[in-house]
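Dumped structure_37.cif below, it's mmCIF, C-alpha atoms:
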```
data_structure
loop_
_atom_site.label_atom_id
_atom_site.label_comp_id
_atom_site.auth_asym_id
_atom_site.auth_seq_id
_atom_site.Cartn_x
_atom_site.Cartn_y
_atom_site.Cartn_z
CA MET A 62 -39.51 134.37 -178.77
CA PHE A 63 -41.69 137.44 -178.74
CA ARG A 64 -44.69 135.23 -178.12
CA THR A 65 -43.16 133.68 -174.96
CA ILE A 66 -42.36 137.14 -173.61
CA GLN A 67 -45.93 138.18 -174.37
CA ILE A 68 -47.36 135.17 -172.51
CA ALA A 69 -44.99 135.66 -169.56
CA GLY A 70 -46.00 139.32 -169.41
CA ALA A 71 -49.69 138.46 -169.46
CA LEU A 72 -49.19 135.86 -166.69
CA ALA A 73 -47.24 138.34 -164.57
CA MET A 74 -50.00 140.92 -164.97
CA LEU A 75 -52.65 138.36 -164.09
CA THR A 76 -50.90 137.27 -160.84
CA CYS A 77 -50.37 140.93 -160.01
CA VAL A 78 -54.05 141.72 -160.46
CA THR A 79 -55.32 138.66 -158.52
CA GLY A 80 -52.73 139.27 -155.78
CA PHE A 81 -53.88 142.87 -155.50
CA GLY A 82 -57.51 141.85 -155.10
CA GLN A 83 -56.71 139.49 -152.22
CA GLU A 84 -57.39 141.03 -148.85
CA LYS A 85 -55.51 140.10 -145.73
CA ALA A 86 -56.88 138.59 -142.56
CA GLN A 87 -58.03 141.33 -140.25
CA ALA A 88 -58.24 141.42 -136.45
CA LEU A 89 -61.79 142.42 -135.49
CA GLU A 90 -61.82 142.10 -131.71
CA THR A 91 -59.37 141.30 -128.95
CA GLY A 92 -59.20 140.93 -125.18
CA THR A 93 -57.12 139.40 -122.40
CA PHE A 94 -58.12 136.51 -120.16
CA HIS A 95 -58.66 136.88 -116.44
CA GLY A 96 -59.22 133.99 -114.04
CA LYS A 97 -57.53 133.73 -110.66
CA VAL A 98 -58.97 130.42 -109.40
CA HIS A 99 -57.73 128.50 -112.45
CA ASN A 100 -54.78 130.77 -113.34
CA THR A 101 -56.01 131.71 -116.80
CA SER A 102 -54.12 134.31 -118.81
CA GLY A 103 -53.28 135.31 -122.36
CA ARG A 104 -55.02 136.93 -125.30
CA ALA A 105 -58.03 136.03 -127.41
CA THR A 106 -58.39 137.63 -130.84
CA ILE A 107 -61.09 137.18 -133.46
CA TYR A 108 -59.89 137.45 -137.05
CA LYS A 109 -61.83 137.75 -140.25
CA GLU A 110 -59.93 135.85 -142.90
CA ALA A 111 -59.60 136.97 -146.50
CA ASP A 112 -62.42 134.60 -147.51
CA GLY A 113 -64.75 135.96 -144.80
CA ARG A 114 -64.44 133.09 -142.33
CA LEU A 115 -64.17 133.98 -138.64
CA LEU A 116 -61.41 132.56 -136.52
CA LEU A 117 -60.56 132.73 -132.83
CA ARG A 118 -56.88 132.64 -131.94
CA LEU A 119 -55.49 132.30 -128.43
CA THR A 120 -51.95 133.60 -127.85
CA ASN A 121 -49.64 133.60 -124.81
CA PHE A 122 -52.37 131.38 -123.45
CA LYS A 123 -52.35 129.46 -120.19
CA THR A 124 -54.99 127.87 -117.98
CA SER A 125 -55.14 124.97 -115.55
CA ASN A 126 -55.63 121.53 -117.04
CA GLY A 127 -58.94 119.91 -116.24
CA PRO A 128 -61.59 117.44 -117.34
CA ASP A 129 -63.75 118.21 -120.39
CA VAL A 130 -62.61 121.82 -120.83
CA HIS A 131 -64.06 123.65 -123.82
CA VAL A 132 -63.70 126.98 -125.59
CA VAL A 133 -67.03 128.80 -125.82
CA LEU A 134 -68.34 132.21 -126.78
CA ILE A 135 -70.91 133.56 -124.34
CA ALA A 136 -73.65 136.15 -124.76
CA ALA A 137 -72.41 138.32 -121.90
CA LYS A 138 -70.07 141.27 -121.36
CA ASP A 139 -67.81 139.27 -119.01
CA ALA A 140 -67.85 136.31 -116.60
CA ASP A 141 -66.67 135.73 -113.03
CA ASP A 142 -64.39 132.90 -111.92
CA ASP A 143 -66.26 129.58 -111.65
CA ALA A 144 -69.46 131.13 -113.07
CA ASN A 145 -72.03 128.47 -113.94
CA PHE A 146 -73.62 129.39 -117.27
CA LEU A 147 -76.24 126.68 -116.86
CA LYS A 148 -77.49 128.26 -113.65
CA SER A 149 -77.32 131.84 -114.97
CA SER A 150 -78.83 130.58 -118.26
CA THR A 151 -76.13 132.42 -120.18
CA GLU A 152 -76.30 131.50 -123.84
CA LYS A 153 -73.10 129.89 -125.08
CA LEU A 154 -71.71 128.90 -128.43
CA GLU A 155 -69.42 125.87 -128.52
CA LEU A 156 -66.15 126.27 -130.45
CA GLY A 157 -64.64 122.93 -129.49
CA ALA A 158 -62.64 121.09 -126.84
CA LEU A 159 -59.63 123.02 -125.56
CA LYS A 160 -56.67 121.77 -127.61
CA GLY A 161 -54.13 122.38 -124.87
CA ASN A 162 -53.94 124.21 -121.56
CA GLU A 163 -50.85 126.07 -122.76
CA GLY A 164 -49.83 127.70 -126.01
CA ASP A 165 -51.13 129.32 -129.19
CA GLN A 166 -54.22 127.75 -130.74
CA ASN A 167 -56.92 128.42 -133.35
CA TYR A 168 -60.66 127.71 -133.35
CA ASP A 169 -63.14 128.14 -136.19
CA ILE A 170 -66.19 130.26 -135.45
CA PRO A 171 -69.41 129.12 -137.17
CA ALA A 172 -70.48 131.26 -140.12
CA GLY A 173 -73.11 133.84 -139.27
CA THR A 174 -72.12 134.17 -135.60
CA ASP A 175 -73.35 137.46 -134.17
CA LEU A 176 -70.27 138.96 -132.53
CA LYS A 177 -72.35 141.84 -131.17
CA LYS A 178 -74.20 139.26 -129.08
CA PHE A 179 -71.35 136.91 -128.18
CA GLN A 180 -68.91 139.36 -126.59
CA THR A 181 -66.80 137.14 -124.35
CA VAL A 182 -64.59 134.07 -124.77
CA SER A 183 -64.80 131.59 -121.91
CA ILE A 184 -62.66 128.59 -121.04
CA TYR A 185 -65.42 126.41 -119.63
CA CYS A 186 -65.33 123.14 -117.76
CA GLU A 187 -68.41 121.33 -119.10
CA ARG A 188 -68.22 118.54 -116.52
CA PHE A 189 -68.61 120.81 -113.52
CA ASN A 190 -70.14 123.81 -115.29
CA ALA A 191 -67.42 126.21 -114.19
CA ASN A 192 -65.83 129.14 -115.98
CA PHE A 193 -62.02 128.73 -115.77
CA GLY A 194 -61.34 132.11 -117.35
CA ALA A 195 -62.99 134.78 -119.47
CA ALA A 196 -61.74 137.27 -122.04
CA PRO A 197 -64.15 140.15 -122.72
CA LEU A 198 -63.63 141.21 -126.33
CA GLN A 199 -63.32 144.79 -127.52
CA LYS A 200 -62.91 146.28 -130.97
CA PHE A 201 -59.36 146.10 -132.26
CA MET B 104 -67.85 78.22 -87.38
CA THR B 105 -64.42 79.50 -88.51
CA ILE B 106 -64.91 78.05 -91.96
CA HIS B 107 -68.23 79.83 -92.27
CA ALA B 108 -66.71 83.20 -91.25
CA SER B 109 -63.82 82.99 -93.70
CA THR B 110 -66.07 82.15 -96.67
CA TRP B 111 -68.23 85.14 -95.79
CA LEU B 112 -65.09 87.33 -95.76
CA VAL B 113 -64.06 86.08 -99.16
CA ARG B 114 -67.52 86.79 -100.46
CA ARG B 115 -67.47 90.26 -98.92
CA LYS B 116 -64.13 91.04 -100.58
CA TRP B 117 -65.76 90.26 -103.87
CA ILE B 118 -68.60 92.61 -103.14
CA LEU B 119 -66.14 95.32 -102.07
CA ALA B 120 -64.17 94.93 -105.28
CA ALA B 121 -67.30 94.81 -107.41
CA VAL B 122 -68.65 98.02 -105.90
CA GLY B 123 -65.37 99.82 -105.17
CA LEU B 124 -63.68 99.49 -108.55
CA PRO B 125 -66.41 101.15 -110.64
CA VAL B 126 -66.66 103.89 -108.02
CA LEU B 127 -62.91 104.52 -108.28
CA VAL B 128 -63.06 104.54 -112.08
CA ALA B 129 -66.00 106.95 -112.02
CA LEU B 130 -64.20 109.27 -109.61
CA TRP B 131 -61.06 109.21 -111.73
CA TRP B 132 -63.07 109.94 -114.89
CA ALA B 133 -64.92 112.82 -113.26
CA PHE B 134 -61.95 114.59 -111.70
CA ARG B 135 -59.00 113.40 -113.83
CA PRO B 136 -56.58 114.15 -110.97
CA GLU B 137 -53.53 113.36 -113.07
CA LYS B 138 -54.25 116.55 -115.03
CA LEU B 139 -53.16 118.53 -111.99
CA TRP B 140 -49.55 117.88 -112.91
CA ILE B 141 -49.78 117.09 -116.61
CA ASN B 142 -49.69 120.04 -118.99
CA GLU B 143 -50.86 119.81 -122.58
CA LYS B 144 -48.86 122.25 -124.67
CA VAL B 145 -49.86 123.22 -128.20
CA ASN B 146 -48.30 125.65 -130.63
CA GLU B 147 -50.51 126.24 -133.64
CA ALA B 148 -49.26 128.65 -136.28
CA VAL B 149 -51.23 131.61 -137.57
CA PRO B 150 -53.44 130.06 -140.27
CA PHE B 151 -53.10 132.99 -142.65
CA ASP B 152 -50.37 134.96 -144.36
CA THR B 153 -48.78 137.53 -142.06
CA THR B 154 -45.70 138.31 -144.13
CA GLY B 155 -45.19 141.88 -145.22
CA GLY B 156 -47.01 144.71 -143.58
CA PRO B 157 -46.66 145.86 -140.00
CA GLN B 158 -47.50 143.46 -137.19
CA PRO B 159 -49.18 144.53 -133.94
CA ILE B 160 -47.01 143.67 -130.95
CA LEU B 161 -48.68 145.51 -128.06
CA THR B 162 -52.17 146.89 -127.55
CA GLY B 163 -54.45 148.40 -124.93
CA ARG B 164 -57.64 150.44 -124.43
CA PHE B 165 -57.62 154.02 -123.20
CA GLU B 166 -59.07 154.83 -119.83
CA GLY B 167 -60.14 158.41 -119.25
CA LYS B 168 -58.46 160.22 -116.35
CA SER B 169 -58.97 164.00 -116.07
CA GLN B 170 -60.78 164.06 -119.44
CA GLN B 171 -62.99 161.50 -121.12
CA THR B 172 -60.65 159.54 -123.37
CA SER B 173 -61.41 156.32 -125.21
CA GLY B 174 -60.18 154.14 -128.04
CA ARG B 175 -57.29 151.79 -128.67
CA ALA B 176 -53.52 152.25 -128.73
CA THR B 177 -51.48 149.67 -130.64
CA ILE B 178 -47.75 149.44 -131.23
CA TYR B 179 -46.87 148.00 -134.65
CA GLN B 180 -43.54 146.69 -135.78
CA LYS B 181 -42.54 147.23 -139.41
CA SER B 182 -40.33 144.79 -141.29
CA GLY B 183 -37.26 146.95 -140.63
CA ARG B 184 -37.89 146.55 -136.88
CA GLU B 185 -39.05 150.17 -136.74
CA GLU B 186 -42.02 150.70 -134.47
CA TYR B 187 -44.92 153.07 -134.50
CA LEU B 188 -47.98 153.80 -132.39
CA ARG B 189 -51.45 153.84 -133.89
CA LEU B 190 -54.49 155.25 -132.14
CA SER B 191 -57.81 153.88 -133.43
CA ASP B 192 -61.45 154.72 -132.60
CA PHE B 193 -59.79 157.47 -130.63
CA THR B 194 -61.56 160.33 -128.85
CA THR B 195 -60.36 162.80 -126.23
CA SER B 196 -61.02 166.41 -125.27
CA ASN B 197 -59.44 169.63 -126.49
CA GLY B 198 -56.77 171.09 -124.28
CA GLY B 199 -53.62 173.18 -124.12
CA ASP B 200 -50.50 171.71 -125.76
CA VAL B 201 -51.68 168.10 -125.68
CA HIS B 202 -48.98 165.49 -126.40
CA VAL B 203 -48.83 161.74 -126.85
CA LEU B 204 -46.33 160.16 -124.46
CA LEU B 205 -45.04 156.76 -123.54
CA ALA B 206 -44.72 156.33 -119.78
CA ARG B 207 -44.40 153.64 -117.14
CA SER B 208 -47.79 152.19 -116.22
CA GLY B 209 -46.72 151.93 -112.58
CA ASP B 210 -45.75 155.63 -112.39
CA GLN B 211 -47.38 157.29 -109.39
CA SER B 212 -47.85 160.48 -111.42
CA LEU B 213 -50.37 158.65 -113.62
CA ALA B 214 -52.54 157.79 -110.65
CA GLN B 215 -53.36 161.47 -110.20
CA ASP B 216 -55.23 163.64 -112.65
CA ALA B 217 -52.35 166.13 -112.71
CA SER B 218 -48.75 164.99 -112.50
CA LYS B 219 -46.81 168.01 -111.15
CA GLY B 220 -44.76 167.83 -114.32
CA ASP B 221 -42.36 165.12 -113.15
CA LEU B 222 -43.62 162.30 -115.37
CA ASP B 223 -40.86 160.01 -116.66
CA SER B 224 -41.81 159.68 -120.31
CA VAL B 225 -40.90 159.55 -124.01
CA ASP B 226 -42.57 162.32 -126.02
CA LEU B 227 -44.01 161.10 -129.33
CA GLY B 228 -45.18 164.54 -130.39
CA SER B 229 -48.22 166.79 -130.30
CA LEU B 230 -51.60 165.11 -130.53
CA LYS B 231 -52.60 165.29 -134.20
CA GLY B 232 -56.32 165.34 -133.58
CA ILE B 233 -58.77 164.82 -130.72
CA GLN B 234 -60.72 162.28 -132.78
CA GLY B 235 -59.85 159.59 -135.26
CA ASP B 236 -57.11 157.19 -136.30
CA GLN B 237 -53.55 158.51 -136.15
CA ASP B 238 -49.96 157.24 -136.24
CA TYR B 239 -46.86 158.30 -134.28
CA ASP B 240 -43.31 157.11 -134.92
CA LEU B 241 -41.41 155.73 -131.94
CA PRO B 242 -37.79 156.81 -131.42
CA ARG B 243 -35.38 154.01 -132.27
CA ALA B 244 -34.60 151.62 -129.40
CA THR B 245 -37.48 152.77 -127.21
CA ASP B 246 -37.63 150.41 -124.24
CA LEU B 247 -41.20 149.13 -124.43
CA ASN B 248 -40.64 146.90 -121.41
CA LYS B 249 -40.08 150.03 -119.35
CA TYR B 250 -42.48 152.42 -121.08
CA ASP B 251 -45.58 150.23 -121.22
CA ALA B 252 -48.36 152.84 -121.26
CA VAL B 253 -49.56 155.43 -123.75
CA VAL B 254 -50.55 158.72 -122.13
CA VAL B 255 -52.50 161.64 -123.58
CA TYR B 256 -51.08 164.54 -121.63
CA SER B 257 -51.44 168.30 -121.49
CA GLU B 258 -47.96 169.84 -121.20
CA GLN B 259 -49.61 173.13 -120.24
CA SER B 260 -51.61 172.01 -117.20
CA HIS B 261 -49.73 168.73 -116.58
CA ALA B 262 -53.11 167.01 -116.76
CA VAL B 263 -53.30 163.31 -117.60
CA PHE B 264 -56.21 163.08 -120.06
CA GLY B 265 -56.12 159.31 -120.53
CA VAL B 266 -53.90 156.25 -120.16
CA ALA B 267 -53.75 153.04 -122.21
CA LYS B 268 -51.81 150.22 -120.57
CA LEU B 269 -50.11 148.14 -123.27
CA GLU B 270 -50.23 144.35 -123.19
CA PRO B 271 -48.71 141.80 -125.61
CA PHE B 272 -50.87 141.28 -128.68
#
```

Could the structure of this file be written out as structure tokens, please?
Amino acid sequence: MFRTIQIAGALAMLTCVTGFGQEKAQALETGTFHGKVHNTSGRATIYKEADGRLLLRLTNFKTSNGPDVHVVLIAAKDADDDANFLKSSTEKLELGALKGNEGDQNYDIPAGTDLKKFQTVSIYCERFNANFGAAPLQKF
Amino acid sequence: MTIHASTWLVRRKWILAAVGLPVLVALWWAFRPEKLWINEKVNEAVPFDTTGGPQPILTGRFEGKSQQTSGRATIYQKSGREEYLRLSDFTTSNGGDVHVLLARSGDQSLAQDASKGDLDSVDLGSLKGIQGDQDYDLPRATDLNKYDAVVVYSEQSHAVFGVAKLEPF
């Protein structure tokens, strides 16, 4: 009997200790979308998860539906409506095809991404090289 | 003569179809016009644990008005639905009797550097420090739909030091 209590106590202490060491996901940067031509609005937030991975989350998000629309990070402070990053040779980092033109959604950011360099989230139409909307990020 | 003309027409129809169809398909693929009225909704959950601990509900960056003011203002909601304001990376200038207020972002008084003292606001207390992170409790049942801006304000000179317009987090 005493032995079971001892084991239970040890287990409880162990979960307590490991639980204590676990850090929570933390918002690093955030910004709101602007884009009048394609009616883009909502918030973009970059989180650092407990295991160190970076994640982009869009909330209250809305844009116009279109062909081959992607979520990208760009090496710029901001972007105008319909900006062509190919023409302006703005460096961009692909995060994936836009999952939906409305609603909350998550995108993984590749490990080792320099967030000091990539300061803006863009909803980018790859087919016509047009920026649908941009969210300049600032420290949360 | 007539037989010859009609066979040519039939042949031309073929050519039209052979050229026209791929062109139509290419145009549809390029522009995807049906997307103009089709919405794709998604609703992904937060991929990490958010239980326990206060959650940010509104946030905004300070803009300096009569004094250089910068940093972030965020309203957090605790589990008991109590709310508090947190200023982070915050910097402003020293002044006489400086308070932190909640006000309406559309208030005309905020457009000027000095407000003539008629600002419609909720006082959250004296500014604790001109630099650094700091928290302020919100009175219960503060209407954050109405009071949607954080204002650093000198009660002495009625000067608006800085304003942070709050937006949903």

Exercise. Give me the result of the PyMOL selection byres ((chain A and resi 122-134) around 6) on this file, residue by residue, as a VMD selection string.
Key: (chain A and resid 99 to 103 119 to 121 135 153 to 159 162 to 164 179 181 to 188) or (chain B and resid 135 138)

Output the selection as a compact mmCIF listing (two decimals), keeping the file's coordinate frame - C-alpha atoms for each residue.
```
# COMPACT_ATOMS: atom_id res chain seq x y z
CA HIS A 99 -57.73 128.50 -112.45
CA ASN A 100 -54.78 130.77 -113.34
CA THR A 101 -56.01 131.71 -116.80
CA SER A 102 -54.12 134.31 -118.81
CA GLY A 103 -53.28 135.31 -122.36
CA LEU A 119 -55.49 132.30 -128.43
CA THR A 120 -51.95 133.60 -127.85
CA ASN A 121 -49.64 133.60 -124.81
CA ILE A 135 -70.91 133.56 -124.34
CA LYS A 153 -73.10 129.89 -125.08
CA LEU A 154 -71.71 128.90 -128.43
CA GLU A 155 -69.42 125.87 -128.52
CA LEU A 156 -66.15 126.27 -130.45
CA GLY A 157 -64.64 122.93 -129.49
CA ALA A 158 -62.64 121.09 -126.84
CA LEU A 159 -59.63 123.02 -125.56
CA ASN A 162 -53.94 124.21 -121.56
CA GLU A 163 -50.85 126.07 -122.76
CA GLY A 164 -49.83 127.70 -126.01
CA PHE A 179 -71.35 136.91 -128.18
CA THR A 181 -66.80 137.14 -124.35
CA VAL A 182 -64.59 134.07 -124.77
CA SER A 183 -64.80 131.59 -121.91
CA ILE A 184 -62.66 128.59 -121.04
CA TYR A 185 -65.42 126.41 -119.63
CA CYS A 186 -65.33 123.14 -117.76
CA GLU A 187 -68.41 121.33 -119.10
CA ARG A 188 -68.22 118.54 -116.52
CA ARG B 135 -59.00 113.40 -113.83
CA LYS B 138 -54.25 116.55 -115.03
```

Exercise. Check the smallest atom-to-atom distance from each of B:Asn248, B:Phe272, B:Leu222, B:Thr194 to chain A using all atoms listed in the file, then report the winner.
Key: B:Phe272

Practice problem: Give me the result of the PyMOL selection byres ((chain B) within 9 of (chain A)) on this file, residue by residue, as a VMD selection string. | Solution: chain B and resid 132 to 136 138 to 153 162 to 164 174 to 175 177 191 to 192 270 to 272

Quiz item: A:Ala137, A:Leu147, A:Ala191, A:Leu89: which is nearest A:Gly113, counting all atoms listed in the file?
Solution: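 Using all atoms listed in the file, the shortest distance to A:Gly113 belongs to A:Leu89.
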
Quiz item: Between atom CA of B:Asp238 and atom CA of A:Phe94, what is the distance, to one decimal in Å?
Solution: 27.5 Å

Quiz item: atom CA of B:Gly183 and atom CA of B:Val225 are how many Å apart?
Solution: 21.2 Å

Self-check item: Nearest to A:Lys109 by atom-to-atom distance, counting all atoms listed in the file, from A:Gly96, A:Glu90, A:Ser150, A:Asp175
Solution: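 The closest residue to A:Lys109 is A:Glu90.
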
Exercise. Report as a PyMOL selection string the full result of the PyMOL selection byres ((chain B and resi 249) around 10) when it is applied to this structure.
Key: chain B and resi 205-209+224+245-248+250-252

Quiz item: Between B:Val253, B:Val203, B:Ala244, B:Val266, which one has atoms that come closest to B:Leu230, using all atoms listed in the file?
Solution: B:Val203

Quiz item: Any idea what's packed within 10 Å of B:Lys219, counting all atoms listed in the file, ignoring anything in its chain fewer than 4 positions away? Could you give it as an MDAnalysis selection string?
Solution: chainID B and resid 212 215 260:262

Quiz prompt | Among listed residues B:Leu127, B:Arg115, B:Glu166, B:Ala121, nearest B:Gly265 (using all atoms listed in the file) | solution =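 Using all atoms listed in the file, B:Gly265 sits closest to B:Glu166.
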
Can you pull out the residues contacting B:Leu227? Cut-off 9 Å, using only C-alpha atoms, and skip same-chain residues under 5 positions away; I want them as a compact mmCIF listing (two decimals) with C-alpha atoms, in the frame of the given file.
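The resulting file, result.txt, is shown below:
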```txt
# COMPACT_ATOMS: atom_id res chain seq x y z
CA LEU B 188 -47.98 153.80 -132.39
CA HIS B 202 -48.98 165.49 -126.40
CA VAL B 203 -48.83 161.74 -126.85
CA LEU B 204 -46.33 160.16 -124.46
CA LEU B 205 -45.04 156.76 -123.54
CA TYR B 239 -46.86 158.30 -134.28
CA ASP B 240 -43.31 157.11 -134.92
CA LEU B 241 -41.41 155.73 -131.94
CA PRO B 242 -37.79 156.81 -131.42
```

Practice problem: List every protein, DNA or RNA residue that has an atom no more than 6 Å from (-52.8, 159.1, -135.9) in the file's coordinate frame, counting only C-alpha atoms, and report them as a ChimeraX atom specification. | Solution: /B:189-190,236-238

Take every atom of stretch 101-119 of chain A listed in the file, fit an axis-aligned box around them, add 4 Å per side, and give the centre and edge lengths in Å to one decimal as AutoDock Vina command-line options.
```
--center_x -59.0 --center_y 134.7 --center_z -132.2 --size_x 19.5 --size_y 14.0 --size_z 38.7
```

Quiz item: Distance atom CA of A:Asp169-atom CA of A:Arg114, one decimal place?
Solution: 8.0 Å

Quiz item: Need the neighbours of (-66.0, 134.1, -114.1): which residues are at most 10 Å away, counting only C-alpha atoms, as a VMD selection string?
Solution: chain A and resid 95 to 98 139 to 146 183 to 185 191 to 196
